[in-house]
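Novice: Okay, so here is entry.tsv, and as you'll see once you scroll down, it has TSV, C-alpha atoms.
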```
chain	number	residue	atom	x	y	z
A	42	MET	CA	-7.23	25.18	8.52
A	43	SER	CA	-10.57	25.52	6.86
A	44	ALA	CA	-13.68	23.50	7.35
A	45	VAL	CA	-15.73	22.23	4.49
A	46	HIS	CA	-19.45	22.47	4.91
A	47	VAL	CA	-20.74	19.32	3.41
A	48	TRP	CA	-24.23	18.69	4.59
A	49	SER	CA	-25.36	22.28	4.58
A	50	GLU	CA	-26.42	22.38	0.94
A	51	ILE	CA	-28.61	19.33	1.19
A	52	PRO	CA	-32.30	20.04	1.00
A	53	SER	CA	-34.88	18.23	3.07
A	54	PRO	CA	-34.45	14.48	2.91
A	55	ALA	CA	-37.86	13.60	1.58
A	56	PRO	CA	-37.08	10.57	-0.59
A	57	PHE	CA	-34.91	8.78	1.91
A	58	ARG	CA	-36.42	5.60	3.17
A	59	ARG	CA	-35.65	4.39	6.69
A	60	ARG	CA	-32.82	6.67	7.41
A	61	ALA	CA	-31.90	9.56	9.53
A	62	ALA	CA	-32.27	13.03	8.19
A	63	LEU	CA	-29.13	14.44	6.71
A	64	ARG	CA	-28.43	16.96	9.37
A	65	ARG	CA	-26.74	20.23	8.93
A	66	GLU	CA	-23.27	19.58	10.06
A	67	THR	CA	-19.81	20.77	9.51
A	68	VAL	CA	-17.21	18.21	8.78
A	69	SER	CA	-13.66	19.31	8.76
A	70	VAL	CA	-11.41	17.23	6.60
A	71	LYS	CA	-8.32	19.37	6.73
A	72	ARG	CA	-7.63	19.05	10.40
A	73	PRO	CA	-4.36	17.19	10.89
A	74	ALA	CA	-4.60	14.11	13.09
A	75	PRO	CA	-3.99	15.45	16.56
A	76	GLY	CA	-3.68	13.64	19.84
A	77	PRO	CA	-2.81	10.07	20.57
A	78	ASP	CA	-1.44	7.50	18.18
A	79	PHE	CA	-4.45	5.23	17.94
A	80	GLY	CA	-2.49	2.48	16.23
A	81	ALA	CA	-0.19	2.34	19.25
A	82	LEU	CA	-3.22	2.05	21.55
A	83	ILE	CA	-4.42	-0.97	19.56
A	84	GLY	CA	-0.90	-2.35	19.84
A	85	ARG	CA	-1.07	-2.02	23.63
A	86	ILE	CA	-4.33	-3.96	23.67
A	87	ALA	CA	-2.78	-6.69	21.54
A	88	ALA	CA	0.38	-6.85	23.62
A	89	GLY	CA	-1.05	-6.65	27.11
A	90	ALA	CA	-4.87	-6.45	27.14
A	91	ASP	CA	-4.42	-2.84	28.21
A	92	ARG	CA	-7.79	-1.60	29.48
A	93	ALA	CA	-6.66	2.02	29.77
A	94	ALA	CA	-5.71	1.96	26.08
A	95	PHE	CA	-9.11	0.46	25.31
A	96	ALA	CA	-10.90	3.16	27.29
A	97	GLU	CA	-9.05	5.85	25.36
A	98	LEU	CA	-9.91	4.27	22.02
A	99	PHE	CA	-13.50	3.83	23.13
A	100	ARG	CA	-13.88	7.48	24.13
A	101	HIS	CA	-12.58	8.60	20.77
A	102	PHE	CA	-14.13	6.15	18.35
A	103	ALA	CA	-17.35	4.85	19.92
A	104	PRO	CA	-19.19	8.21	19.61
A	105	ARG	CA	-18.07	8.44	15.98
A	106	VAL	CA	-19.20	4.92	15.18
A	107	LYS	CA	-22.54	5.77	16.76
A	108	SER	CA	-22.78	8.78	14.44
A	109	TYR	CA	-21.90	6.50	11.53
A	110	GLY	CA	-24.75	4.13	12.44
A	111	LEU	CA	-27.21	6.98	12.86
A	112	LYS	CA	-26.30	8.46	9.50
A	113	LEU	CA	-27.00	5.09	7.89
A	114	GLY	CA	-30.47	5.00	9.37
A	115	ALA	CA	-29.97	2.91	12.50
A	116	THR	CA	-32.12	3.64	15.53
A	117	ALA	CA	-30.33	5.26	18.46
A	118	ALA	CA	-30.29	1.92	20.27
A	119	ALA	CA	-28.94	0.05	17.24
A	120	ALA	CA	-26.29	2.72	16.63
A	121	GLU	CA	-25.22	2.45	20.28
A	122	GLU	CA	-24.93	-1.34	19.88
A	123	LEU	CA	-22.91	-0.89	16.70
A	124	ALA	CA	-20.50	1.32	18.63
A	125	GLN	CA	-20.30	-1.22	21.47
A	126	ASP	CA	-19.81	-4.18	19.16
A	127	THR	CA	-17.26	-2.38	17.00
A	128	LEU	CA	-15.04	-1.47	19.95
A	129	LEU	CA	-15.47	-4.93	21.47
A	130	ALA	CA	-14.26	-6.38	18.15
A	131	VAL	CA	-11.30	-3.98	18.29
A	132	TRP	CA	-10.44	-5.46	21.70
A	133	ARG	CA	-10.80	-9.04	20.56
A	134	LYS	CA	-9.11	-8.69	17.19
A	135	ALA	CA	-6.38	-6.26	18.25
A	136	GLY	CA	-3.79	-8.94	17.50
A	137	GLN	CA	-4.86	-8.91	13.85
A	138	PHE	CA	-4.32	-5.17	13.48
A	139	ASP	CA	-1.36	-4.52	11.26
A	140	PRO	CA	-0.31	-0.88	11.24
A	141	ALA	CA	1.61	-1.51	8.03
A	142	ARG	CA	-1.63	-2.40	6.26
A	143	ALA	CA	-4.13	0.14	7.51
A	144	SER	CA	-4.43	3.04	9.88
A	145	ALA	CA	-6.40	2.63	13.09
A	146	SER	CA	-9.34	4.64	11.78
A	147	THR	CA	-9.39	2.71	8.49
A	148	TRP	CA	-9.35	-0.60	10.35
A	149	ILE	CA	-12.09	0.50	12.73
A	150	PHE	CA	-14.13	1.81	9.80
A	151	THR	CA	-13.97	-1.60	8.08
A	152	ILE	CA	-15.03	-3.35	11.31
A	153	ALA	CA	-17.99	-1.02	11.78
A	154	ARG	CA	-18.95	-1.33	8.13
A	155	ASN	CA	-18.85	-5.14	8.22
A	156	LEU	CA	-20.73	-5.37	11.53
A	157	ARG	CA	-23.43	-3.10	10.16
A	158	ILE	CA	-23.80	-5.29	7.07
A	159	ASP	CA	-24.07	-8.36	9.31
A	160	ALA	CA	-26.67	-6.66	11.49
A	161	LEU	CA	-28.75	-5.81	8.42
A	162	ARG	CA	-28.56	-9.40	7.23
A	163	ARG	CA	-29.71	-10.65	10.62
A	164	GLU	CA	-32.68	-8.27	10.51
A	165	ARG	CA	-34.08	-9.91	7.40
A	166	PRO	CA	-36.97	-12.37	7.68
A	167	ALA	CA	-34.78	-15.33	6.72
A	168	PRO	CA	-31.71	-14.49	8.74
A	169	ALA	CA	-28.29	-15.47	7.59
A	170	PRO	CA	-26.74	-17.13	10.63
A	171	GLU	CA	-23.59	-15.09	10.51
A	172	ASP	CA	-21.76	-14.79	13.75
A	173	GLY	CA	-19.61	-11.72	13.91
A	174	ALA	CA	-18.14	-9.72	11.10
A	175	ASP	CA	-14.94	-10.58	9.44
A	176	PRO	CA	-12.88	-7.68	10.70
A	177	SER	CA	-10.48	-7.51	7.83
A	178	PRO	CA	-10.39	-4.78	5.26
A	179	LEU	CA	-11.29	-6.03	1.80
A	180	ALA	CA	-8.06	-4.88	0.34
A	181	ASP	CA	-4.46	-4.57	1.29
A	182	ALA	CA	-4.70	-0.99	2.31
A	183	LEU	CA	-1.91	0.95	0.78
A	184	LEU	CA	-1.94	3.72	3.25
A	185	ALA	CA	-0.71	3.07	6.69
A	186	GLY	CA	-0.28	4.95	9.86
A	187	ALA	CA	-1.10	8.41	11.02
A	188	GLU	CA	0.95	9.98	8.26
A	189	ALA	CA	-1.19	8.33	5.63
A	190	ASP	CA	-4.31	9.52	7.47
A	191	VAL	CA	-3.02	13.05	7.09
A	192	ARG	CA	-2.45	12.48	3.40
A	193	VAL	CA	-5.95	11.11	2.90
A	194	ARG	CA	-7.46	14.02	4.81
A	195	ARG	CA	-5.47	16.49	2.76
A	196	ALA	CA	-6.60	14.81	-0.47
A	197	LEU	CA	-10.23	14.95	0.67
A	198	GLY	CA	-9.78	18.59	1.61
A	199	ALA	CA	-8.46	19.31	-1.87
A	200	LEU	CA	-11.66	18.06	-3.50
A	201	PRO	CA	-14.18	20.65	-4.59
A	202	PRO	CA	-16.97	20.68	-1.97
A	203	GLU	CA	-19.56	19.24	-4.35
A	204	GLN	CA	-17.33	16.25	-5.05
A	205	LEU	CA	-16.52	15.72	-1.38
A	206	GLN	CA	-20.22	15.83	-0.65
A	207	VAL	CA	-21.11	12.93	-2.95
A	208	ILE	CA	-18.21	10.87	-1.59
A	209	GLN	CA	-19.41	11.49	1.97
A	210	LEU	CA	-22.97	10.62	1.05
A	211	SER	CA	-21.72	7.39	-0.50
A	212	PHE	CA	-20.20	6.37	2.82
A	213	PHE	CA	-22.78	7.85	5.15
A	214	SER	CA	-26.08	7.16	3.48
A	215	ASP	CA	-27.50	3.88	2.35
A	216	ALA	CA	-29.66	5.58	-0.25
A	217	PRO	CA	-29.05	4.48	-3.82
A	218	HIS	CA	-27.19	7.02	-5.91
A	219	ALA	CA	-30.45	7.88	-7.63
A	220	ALA	CA	-32.05	8.86	-4.29
A	221	ILE	CA	-28.97	10.83	-3.34
A	222	ALA	CA	-29.26	12.69	-6.64
A	223	GLU	CA	-32.92	13.37	-6.01
A	224	SER	CA	-32.27	14.66	-2.51
A	225	LEU	CA	-29.62	16.98	-3.88
A	226	GLY	CA	-31.92	18.13	-6.67
A	227	LEU	CA	-29.42	16.95	-9.26
A	228	PRO	CA	-29.63	14.66	-12.25
A	229	LEU	CA	-28.23	11.21	-11.52
A	230	GLY	CA	-25.64	11.71	-14.25
A	231	THR	CA	-24.27	14.74	-12.43
A	232	VAL	CA	-23.87	12.80	-9.19
A	233	LYS	CA	-22.15	9.97	-11.00
A	234	SER	CA	-19.80	12.26	-12.85
A	235	ARG	CA	-18.93	14.02	-9.58
A	236	LEU	CA	-18.15	10.63	-8.06
A	237	ARG	CA	-15.95	9.70	-10.99
A	238	LEU	CA	-14.14	13.03	-10.91
A	239	ALA	CA	-13.60	12.72	-7.16
A	240	MET	CA	-12.22	9.20	-7.49
A	241	THR	CA	-9.92	10.18	-10.33
A	242	ARG	CA	-8.65	13.06	-8.24
A	243	LEU	CA	-8.14	10.90	-5.16
A	244	ARG	CA	-6.34	8.30	-7.22
A	245	ALA	CA	-3.98	10.93	-8.56
A	246	LEU	CA	-3.34	12.41	-5.13
A	247	LEU	CA	-2.87	9.13	-3.28
A	248	GLU	CA	-1.40	6.78	-5.84
A	249	ASP	CA	2.17	7.50	-4.81
A	250	LEU	CA	1.46	6.18	-1.33
A	251	ARG	CA	1.30	2.72	-2.77
B	291	MET	CA	-0.16	-8.52	-16.46
B	292	SER	CA	-3.30	-6.67	-15.63
B	293	LEU	CA	-6.78	-7.83	-16.42
B	294	ALA	CA	-8.84	-6.47	-19.28
B	295	HIS	CA	-12.18	-6.00	-17.55
B	296	HIS	CA	-12.85	-4.26	-14.26
B	297	PRO	CA	-15.81	-3.12	-12.16
B	298	SER	CA	-16.71	0.56	-12.49
B	299	ASP	CA	-15.41	3.13	-10.02
B	300	GLU	CA	-18.92	3.42	-8.69
B	301	LEU	CA	-19.11	-0.29	-7.86
B	302	LEU	CA	-15.71	-0.23	-6.15
B	303	LEU	CA	-16.85	2.73	-4.08
B	304	ASP	CA	-20.09	0.97	-3.20
B	305	LEU	CA	-18.12	-2.09	-2.09
B	306	ALA	CA	-15.72	-0.07	0.07
B	307	ALA	CA	-18.59	1.87	1.59
B	308	GLY	CA	-20.57	-1.28	2.38
B	309	ARG	CA	-23.43	-0.35	0.07
B	310	LEU	CA	-23.59	-3.46	-2.05
B	311	GLU	CA	-25.95	-6.33	-1.54
B	312	HIS	CA	-24.45	-9.66	-0.57
B	313	GLY	CA	-24.36	-11.28	-4.00
B	314	PRO	CA	-22.72	-8.41	-5.90
B	315	ALA	CA	-20.27	-7.92	-3.02
B	316	LEU	CA	-19.22	-11.57	-3.34
B	317	VAL	CA	-18.63	-11.24	-7.06
B	318	LEU	CA	-16.58	-8.08	-6.58
B	319	LYS	CA	-14.51	-9.71	-3.85
B	320	ALA	CA	-13.80	-12.60	-6.21
B	321	HIS	CA	-12.53	-10.07	-8.73
B	322	LEU	CA	-10.42	-8.30	-6.09
B	323	GLY	CA	-8.77	-11.62	-5.34
B	324	ALA	CA	-7.41	-11.62	-8.86
B	325	CYS	CA	-6.89	-7.90	-9.47
B	326	PRO	CA	-4.21	-5.92	-7.61
B	327	ASP	CA	-5.33	-2.66	-9.23
B	328	CYS	CA	-8.88	-2.88	-7.96
B	329	ARG	CA	-7.62	-4.10	-4.58
B	330	ALA	CA	-5.48	-0.99	-4.40
B	331	GLU	CA	-8.42	1.19	-5.35
B	332	VAL	CA	-10.65	-0.35	-2.70
B	333	GLY	CA	-7.81	0.01	-0.18
B	334	ARG	CA	-7.61	3.73	-0.96
B	335	LEU	CA	-11.36	4.06	-0.61
B	336	GLU	CA	-11.36	2.24	2.72
B	337	ALA	CA	-8.73	4.71	3.90
B	338	VAL	CA	-11.09	7.47	2.75
B	339	GLY	CA	-13.83	5.82	4.82
B	340	GLY	CA	-11.48	5.72	7.80
B	341	ALA	CA	-10.62	9.40	7.46
B	342	LEU	CA	-14.30	10.32	7.11
B	343	LEU	CA	-15.16	8.27	10.19
B	344	ALA	CA	-12.37	9.88	12.17
B	345	ASP	CA	-13.71	13.30	11.22
B	346	LEU	CA	-17.34	12.59	12.06
B	347	PRO	CA	-18.62	14.59	14.99
B	348	GLY	CA	-19.33	12.09	17.75
B	349	THR	CA	-22.78	11.37	19.12
B	350	VAL	CA	-23.21	11.25	22.88
B	351	LEU	CA	-23.31	7.68	24.13
B	352	ALA	CA	-25.39	6.22	26.92
B	353	ALA	CA	-24.07	7.33	30.31
B	354	ASP	CA	-22.88	3.83	31.19
B	355	ALA	CA	-21.48	3.02	27.73
B	356	LEU	CA	-17.82	2.77	28.67
B	357	GLU	CA	-18.63	0.88	31.85
B	358	ARG	CA	-20.70	-1.60	29.85
B	359	ALA	CA	-17.97	-1.97	27.24
B	360	LEU	CA	-15.34	-2.64	29.89
B	361	ALA	CA	-17.59	-5.21	31.53
B	362	ARG	CA	-17.96	-7.03	28.22
B	363	LEU	CA	-14.23	-7.31	27.63
B	364	ASP	CA	-13.86	-10.39	29.76
B	365	THR	CA	-16.86	-12.27	28.51
B	366	PRO	CA	-15.64	-14.98	26.20
B	367	PRO	CA	-16.61	-14.41	22.57
B	368	ARG	CA	-19.36	-16.53	21.15
B	369	THR	CA	-17.76	-19.26	19.15
B	370	GLU	CA	-16.20	-17.42	16.33
B	371	LYS	CA	-17.31	-18.28	12.88
B	372	ILE	CA	-14.45	-19.99	11.18
B	373	ARG	CA	-14.33	-19.45	7.48
B	374	VAL	CA	-12.69	-21.48	4.81
B	375	ASP	CA	-11.65	-19.49	1.81
B	376	LEU	CA	-13.44	-21.52	-0.80
B	377	PRO	CA	-12.54	-19.68	-4.02
B	378	GLN	CA	-8.88	-19.63	-3.11
B	379	ILE	CA	-8.75	-23.35	-2.45
B	380	LEU	CA	-10.64	-24.31	-5.55
B	381	ALA	CA	-9.03	-21.76	-7.85
B	382	GLY	CA	-7.89	-23.51	-10.97
B	383	GLU	CA	-9.75	-26.73	-10.17
B	384	GLY	CA	-12.03	-28.14	-12.82
B	385	LEU	CA	-15.43	-28.70	-11.26
B	386	GLY	CA	-17.87	-31.16	-12.75
B	387	PRO	CA	-21.60	-30.56	-12.93
B	388	ARG	CA	-23.69	-30.66	-9.81
B	389	ARG	CA	-25.20	-34.09	-9.44
B	390	TRP	CA	-28.30	-34.33	-7.27
B	391	LEU	CA	-28.52	-37.50	-5.26
B	392	ALA	CA	-31.53	-36.76	-3.08
B	393	PRO	CA	-33.32	-33.64	-1.91
B	394	GLY	CA	-30.70	-31.37	-0.38
B	395	LEU	CA	-27.92	-33.75	-1.30
B	396	TRP	CA	-25.58	-33.13	-4.19
B	397	LEU	CA	-21.99	-33.48	-5.15
B	398	ARG	CA	-19.62	-31.98	-7.66
B	399	LYS	CA	-16.56	-33.91	-8.63
B	400	LEU	CA	-13.24	-32.23	-9.18
B	401	GLU	CA	-11.30	-33.13	-12.28
B	402	ARG	CA	-8.86	-35.79	-11.33
B	403	GLU	CA	-5.18	-35.09	-11.82
B	404	PRO	CA	-3.20	-37.78	-13.64
B	405	GLY	CA	-1.80	-40.19	-11.09
B	406	ASP	CA	-4.20	-39.13	-8.33
B	407	ARG	CA	-5.74	-42.26	-6.84
B	408	PHE	CA	-8.37	-40.27	-5.03
B	409	THR	CA	-11.75	-39.16	-6.16
B	410	SER	CA	-12.27	-35.62	-4.93
B	411	TYR	CA	-15.59	-33.88	-4.67
B	412	LEU	CA	-17.65	-31.26	-2.95
B	413	LEU	CA	-20.51	-32.78	-1.05
B	414	HIS	CA	-23.48	-30.70	-0.01
B	415	THR	CA	-25.81	-32.12	2.60
B	416	GLY	CA	-28.99	-30.21	3.44
B	417	PRO	CA	-29.76	-29.24	7.04
B	418	GLY	CA	-30.51	-32.33	9.14
B	419	ARG	CA	-29.99	-34.76	6.24
B	420	GLN	CA	-28.16	-37.99	6.80
B	421	LEU	CA	-26.00	-39.98	4.39
B	422	PRO	CA	-26.69	-43.68	3.95
B	423	ARG	CA	-24.53	-45.90	6.10
B	424	HIS	CA	-21.28	-46.71	4.32
B	425	GLY	CA	-17.76	-47.99	4.77
B	426	HIS	CA	-14.53	-47.22	2.95
B	427	VAL	CA	-11.95	-49.33	1.16
B	428	GLY	CA	-9.15	-46.84	1.64
B	429	ALA	CA	-8.38	-43.48	3.10
B	430	GLU	CA	-10.88	-40.65	3.10
B	431	TYR	CA	-9.99	-37.07	3.92
B	432	VAL	CA	-12.66	-34.49	4.65
B	433	CYS	CA	-12.54	-30.78	5.37
B	434	VAL	CA	-15.74	-29.03	6.35
B	435	LEU	CA	-16.12	-25.81	4.37
B	436	LYS	CA	-19.45	-24.68	5.75
B	437	GLY	CA	-21.97	-25.92	8.29
B	438	ALA	CA	-21.24	-28.99	10.39
B	439	PHE	CA	-21.83	-32.72	10.50
B	440	ALA	CA	-21.64	-35.36	13.17
B	441	ASP	CA	-21.05	-39.08	13.05
B	442	GLU	CA	-19.98	-41.83	15.42
B	443	THR	CA	-16.56	-40.22	15.79
B	444	GLY	CA	-17.60	-36.71	16.71
B	445	ARG	CA	-18.81	-33.36	15.50
B	446	TYR	CA	-17.04	-31.50	12.71
B	447	GLY	CA	-17.48	-27.78	12.04
B	448	PRO	CA	-16.07	-25.35	9.47
B	449	GLY	CA	-12.39	-25.94	8.91
B	450	ASP	CA	-12.37	-29.23	10.84
B	451	PHE	CA	-10.48	-32.07	9.27
B	452	ALA	CA	-11.79	-35.62	9.36
B	453	CYS	CA	-9.98	-38.72	8.30
B	454	GLY	CA	-11.45	-42.15	7.68
B	455	ASP	CA	-10.09	-45.50	6.59
B	456	ALA	CA	-11.22	-49.03	5.94
B	457	ASN	CA	-12.20	-49.40	9.59
B	458	LEU	CA	-14.67	-46.55	9.48
B	459	GLU	CA	-18.28	-47.29	8.82
B	460	HIS	CA	-20.53	-44.36	9.46
B	461	SER	CA	-23.66	-42.47	8.65
B	462	PRO	CA	-22.85	-38.77	8.94
B	463	ARG	CA	-25.66	-36.33	9.51
B	464	ALA	CA	-25.60	-32.58	8.81
B	465	GLU	CA	-26.58	-30.35	11.71
B	466	THR	CA	-30.05	-28.98	11.52
B	467	ASP	CA	-29.46	-25.25	11.31
B	468	GLU	CA	-27.42	-25.06	8.15
B	469	ALA	CA	-26.44	-27.10	5.13
B	470	CYS	CA	-23.06	-28.75	5.33
B	471	LEU	CA	-20.53	-28.43	2.53
B	472	CYS	CA	-17.45	-30.62	2.59
B	473	LEU	CA	-14.44	-31.10	0.40
B	474	ILE	CA	-13.67	-34.80	0.29
B	475	ALA	CA	-10.93	-36.90	-1.21
B	476	GLY	CA	-11.71	-40.60	-1.09
B	477	GLU	CA	-9.57	-43.52	-2.15
B	478	GLY	CA	-11.65	-46.14	-3.86
B	479	PRO	CA	-15.42	-46.39	-3.93
B	480	LEU	CA	-17.55	-46.07	-0.83
B	481	GLN	CA	-18.93	-49.34	0.45
B	482	MET	CA	-22.62	-48.78	0.70
B	483	ARG	CA	-24.73	-50.85	3.04
B	484	GLY	CA	-28.02	-51.89	1.51
B	485	VAL	CA	-29.39	-52.16	-2.01
B	486	ILE	CA	-30.76	-48.65	-2.30
B	487	ALA	CA	-27.58	-47.14	-0.99
B	488	ARG	CA	-25.60	-49.16	-3.51
B	489	ALA	CA	-27.76	-47.93	-6.35
B	490	PHE	CA	-27.26	-44.42	-5.04
B	491	GLN	CA	-23.53	-44.95	-4.99
B	492	ILE	CA	-23.36	-46.24	-8.55
B	493	TYR	CA	-25.23	-43.16	-9.68
B	494	ALA	CA	-23.09	-40.81	-7.61
B	495	GLY	CA	-19.85	-42.41	-8.75
B	496	VAL	CA	-17.95	-42.03	-5.49
```
Take the structure in the file and give it back as structure tokens.
Specialist:
Amino acid sequence: MSAVHVWSEIPSPAPFRRRAALRRETVSVKRPAPGPDFGALIGRIAAGADRAAFAELFRHFAPRVKSYGLKLGATAAAAEELAQDTLLAVWRKAGQFDPARASASTWIFTIARNLRIDALRRERPAPAPEDGADPSPLADALLAGAEADVRVRRALGALPPEQLQVIQLSFFSDAPHAAIAESLGLPLGTVKSRLRLAMTRLRALLEDLR
Amino acid sequence: MSLAHHPSDELLLDLAAGRLEHGPALVLKAHLGACPDCRAEVGRLEAVGGALLADLPGTVLAADALERALARLDTPPRTEKIRVDLPQILAGEGLGPRRWLAPGLWLRKLEREPGDRFTSYLLHTGPGRQLPRHGHVGAEYVCVLKGAFADETGRYGPGDFACGDANLEHSPRAETDEACLCLIAGEGPLQMRGVIARAFQIYAGV
């Protein structure tokens, strides 16, 4: 069970506009999914408005969603709201969660992602009067359930660290790829080729889960 | 049979990660609607996003965070935005050019199928704009795609279905905060009240 140090090679985040510093952190991607079956907790909310199940989901995911918001440059208050709103949407939309289509963490990721996009649109001078993110993933997720989560984690863990790093930065930084390249001290072409290599690798490792 | 032309891996990743601006995201989603391969790729990438989120170290929340979340559970949601899946409905329909009738007011006719007695069109009414008073010679079916309008019979929001007939004479007005887009199928020409409205109708062809 090894941890991959992803942020540690990143130099100071000078060119990043309006975003949190890329902190030194250790992200383990090989850890198997331990603990509760989060999909079942969402099922309990859908079936019986189970507040204990909600509390358990909240304790696990809300702090992570807050981290997600912070990484993408939200203020602490905005990141806290994103966590609140994401878990509230989980409560309200629990009936739409389909464990055959996506794992709990994938579904919650898409909710947080969409809510963040909506919040950014509302911030603009001419606000788009959107009212709540569409919670659905964009695609029919191929990978379902905790088992698939383990597969995805294993595939990520199998990536060379420099490829994993650019994938993580793609999800957890709103900097354009050019700024990511600059912050890594790499030519843009290198970042892009790492992304392509990583995606080819992931495709090969995960295609059979279709 | 798979398509010949696809977005790059980088664009698919940007879409899954929520990095694209609104316009490009829309175009990619339109492509996903037609392309199972790219849908699968984005699905894989969303699962990657889920795994990365699950593995993020958490950040400490406000002390009362859970309490506040639990208290919010029982508050009714703000009226949920209802969406009508426009591309899916109009897929394969021939759309005529946009014809401007007045500021903020335009329509686009759909190609009429042989044997269809109805004239079908998209009607866009700018925020707060009102249509000239008119009646109908036959049935009229309306579905609101976006925004809302109100007339003598009530208020219609996204997804609402309205039905008129020869007894209906009305002057619908779009709500003020947003333009209203409707898909309308009308049997026979509208019966405009007033000379200007009639001229408008002859030009519009509905």
Novice: Considering all atoms listed in the file, can you say which of A:Phe95, A:Gly114, A:Leu200, A:Gly226 comes closest to chain B?
Specialist: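 With all atoms listed in the file as the atom set, the closest residue is A:Phe95.
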Novice: Between B:Ala341, B:Val332, B:Ala475, B:Ala361, which has the minimum distance to Lys399 in chain B (counting all atoms listed in the file)?
Specialist: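 Residue with the minimum atom-to-atom distance to Lys399 in chain B: B:Ala475.
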Novice: Find the residues of chain B that sit at most 8 Å from chain A; for each, write down the nearest two atoms and how far apart they are in Å, to one decimal. Count only C-alpha atoms. Sort by chain, then by number going up, and give it as a tab-separated table.
Specialist:
```
residue	atom	partner	partner_atom	distance
B:Asp299	CA	A:Arg237	CA	6.7
B:Glu300	CA	A:Leu236	CA	7.3
B:Leu303	CA	A:Ser211	CA	7.6
B:Asp304	CA	A:Ser211	CA	7.2
B:Ala306	CA	A:Leu179	CA	7.6
B:Ala307	CA	A:Phe212	CA	4.9
B:Gly308	CA	A:Arg154	CA	6.0
B:Arg309	CA	A:Asp215	CA	6.3
B:Lys319	CA	A:Leu179	CA	7.5
B:Leu322	CA	A:Ala180	CA	7.7
B:Arg329	CA	A:Ala180	CA	5.0
B:Ala330	CA	A:Leu183	CA	6.6
B:Glu331	CA	A:Arg244	CA	7.6
B:Val332	CA	A:Ala180	CA	6.0
B:Gly333	CA	A:Ala182	CA	4.1
B:Arg334	CA	A:Ala182	CA	6.4
B:Glu336	CA	A:Thr147	CA	6.1
B:Ala337	CA	A:Thr147	CA	5.1
B:Val338	CA	A:Val193	CA	6.3
B:Gly339	CA	A:Phe150	CA	6.4
B:Gly340	CA	A:Thr147	CA	3.7
B:Ala341	CA	A:Arg194	CA	6.2
B:Leu342	CA	A:Gln209	CA	7.3
B:Leu343	CA	A:Arg105	CA	6.5
B:Ala344	CA	A:Ser146	CA	6.1
B:Asp345	CA	A:Val70	CA	6.5
B:Leu346	CA	A:Arg105	CA	5.8
B:Pro347	CA	A:Arg105	CA	6.3
B:Gly348	CA	A:Arg105	CA	4.2
B:Thr349	CA	A:Pro104	CA	4.8
B:Val350	CA	A:Pro104	CA	6.0
B:Leu351	CA	A:Pro104	CA	6.1
B:Ala352	CA	A:Glu121	CA	7.6
B:Ala355	CA	A:Gln125	CA	7.7
B:Leu356	CA	A:Ala96	CA	7.1
B:Ala359	CA	A:Gln125	CA	6.3
B:Leu360	CA	A:Arg92	CA	7.6
B:Arg362	CA	A:Leu129	CA	7.5
B:Leu363	CA	A:Leu129	CA	6.7
B:Arg368	CA	A:Asp172	CA	8.0
B:Glu370	CA	A:Asp172	CA	6.7
B:Lys371	CA	A:Asp172	CA	5.7
```
Novice: I'd like to know which of B:Glu357, B:Phe439, B:Asp364, B:Asp375 is closest to Leu413 in chain B, using all atoms listed in the file.
Specialist: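 Once distances to Leu413 in chain B are computed over all atoms listed in the file, the minimum belongs to B:Phe439.
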Novice: Point out the residue among B:Asp406, B:Glu477, B:Glu465, B:Glu430 with the least atom-to-atom distance to Ala452 in chain B, counting all atoms listed in the file.
Specialist: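 Using all atoms listed in the file, Ala452 in chain B sits closest to B:Glu430.
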Novice: Which one of B:Pro393, B:Gly478, B:Gly313, B:Pro387 sits closest to His426 in chain B if you count all atoms listed in the file?
Specialist: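 Among the listed residues, the smallest separation from His426 in chain B belongs to B:Gly478.
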Novice: From the list B:Ser461, B:Thr415, B:Gln378, B:Thr409, which residue is nearest Ala487 in chain B when using all atoms listed in the file?
Specialist: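 For Ala487 in chain B, the nearest of the given residues is B:Ser461.
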Novice: Give me, please, the distance in Å between CA of Pro202 in chain A and CA of Asp327 in chain B, quoted to one decimal.
Specialist: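 Taking CA of Pro202 in chain A as the start and CA of Asp327 in chain B as the end point, the length is 27.1 Å.
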Novice: Pick out the residues sitting within 9 Å of Gly447 in chain B, and hand them over as a list of chain:residue names; count all atoms listed in the file, and ignore anything fewer than 5 positions along from it in its own chain.
Specialist: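 The neighbour list is B:Ile372, B:Cys433, B:Val434, B:Leu435, B:Lys436, B:Gly437, B:Ala438, B:Phe439, B:Ala440, B:Cys470.
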Novice: CA of His296 in chain B and CA of Glu401 in chain B, how far apart in Å?
Specialist: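 Computing it gives 29.0 Å between the two atoms.
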Novice: Tell me, in Å to one decimal, how far CA of Tyr431 in chain B is from CA of Phe451 in chain B.
Specialist: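 CA of Phe451 in chain B lies 7.3 Å from CA of Tyr431 in chain B.
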Novice: Give the padded box for range 347-359 of chain B as AutoDock Vina command-line options: axis-aligned, covering all atoms listed in the file, 6 Å on each side, centre and edge lengths in Å to one decimal.
Specialist:
```
--center_x -21.6 --center_y 6.3 --center_z 23.4 --size_x 19.6 --size_y 28.6 --size_z 28.9
```
Novice: For a cut-off of 10 Å around (-9.2, -52.2, 4.8), file coordinates, pick out all residues using only C-alpha atoms and list them as a list in words.
Specialist: Gly425, His426, Val427, Gly428, Ala429, Asp455, Ala456, Asn457 and Leu458 of chain B
Novice: Kindly provide, as number ranges by chain, the polymer residues lying within 12 Å of (-26.4, -50.1, 1.2), counting only C-alpha atoms and using the coordinates exactly as they appear in the file.
Specialist: B: 421-425, 459-461, 480-492
